[in-house]
Amino acid sequence: MRRHKQHVVYQSILPVLHEPGCPFCRFLKEFQADRLQKHAEGELHHLCNFHVWGLAAVQEAPVAARIFLKLVNEAAPLSNGNASCDICNEVHKEEDLRVREFLSCLQRAEVTQWLRGTCNLCIPHGLKLRPGLPPAFIPRIDSMMEAYRQELSADLQNLRDEWLPESNRVGWGAVGRAAEFLASQRGLRP
């Protein structure tokens, strides 16, 4: 998350299908950043470690100070750690909504075109889609994920075998793509 970066606020998963990477991760990352920037000061009561730091990174300093002051003053009675993160809860609800939206649009041209192309889907979102998919779609999702796994595997092997210390971070994009494939984008899952 970057301070004050303008985020694309998507209203549907469909326009995200043609963006690079896992469309669910991309949608949720933008949703999450937008929520951190636009939350009213009184709306946040509980934040996880990641979202406390995310708020500090993206919010204007005076606004962050007011939110943190409120949270600091509320924290004593909640020190048992049973409260769940407000942003995490919103992201999970939005994720469920977008998965249901995608599943309801399987017959739409944008989705069938995406399913026929070379597309990326992270393991967590692929697994989340599978239970709602008609049986005919499961092999396509599995083959998409397998093709991307093979591509990542080749990129990671090249990085492992050909990396030189003086190359300074060349090839590290494969490491980030592999992390996203395995666990979804940073900050979307605890």
# chains A, B, ... in the order shown; residues from 1 in each chain; ligands from 1
>>> select_by_dssp(residues="stretch 42-169 of chain A", states="alpha helix (DSSP H)", output="number ranges by chain")
A: 49-58, 61-75, 86-104, 109-116, 123-129, 138-162
>>> atom_distance(atom1="atom CA of A:Pro23", atom2="atom CA of A:His46")
27.6 Å
>>> closest_residue(among="A:Ala178, A:Ile138, A:His125, A:Ala65", to="A:Glu151", atoms="only C-alpha atoms")
A:Ala178
>>> atom_distance(atom1="atom CA of A:Gly132", atom2="atom CA of A:Val91")
19.5 Å
>>> atom_distance(atom1="atom CA of A:Gly21", atom2="atom CA of A:Glu101")
18.6 Å
>>> closest_residue(among="A:Leu188, A:Leu28, A:Leu71, A:Leu115", to="A:Leu44", atoms="only C-alpha atoms")
A:Leu71
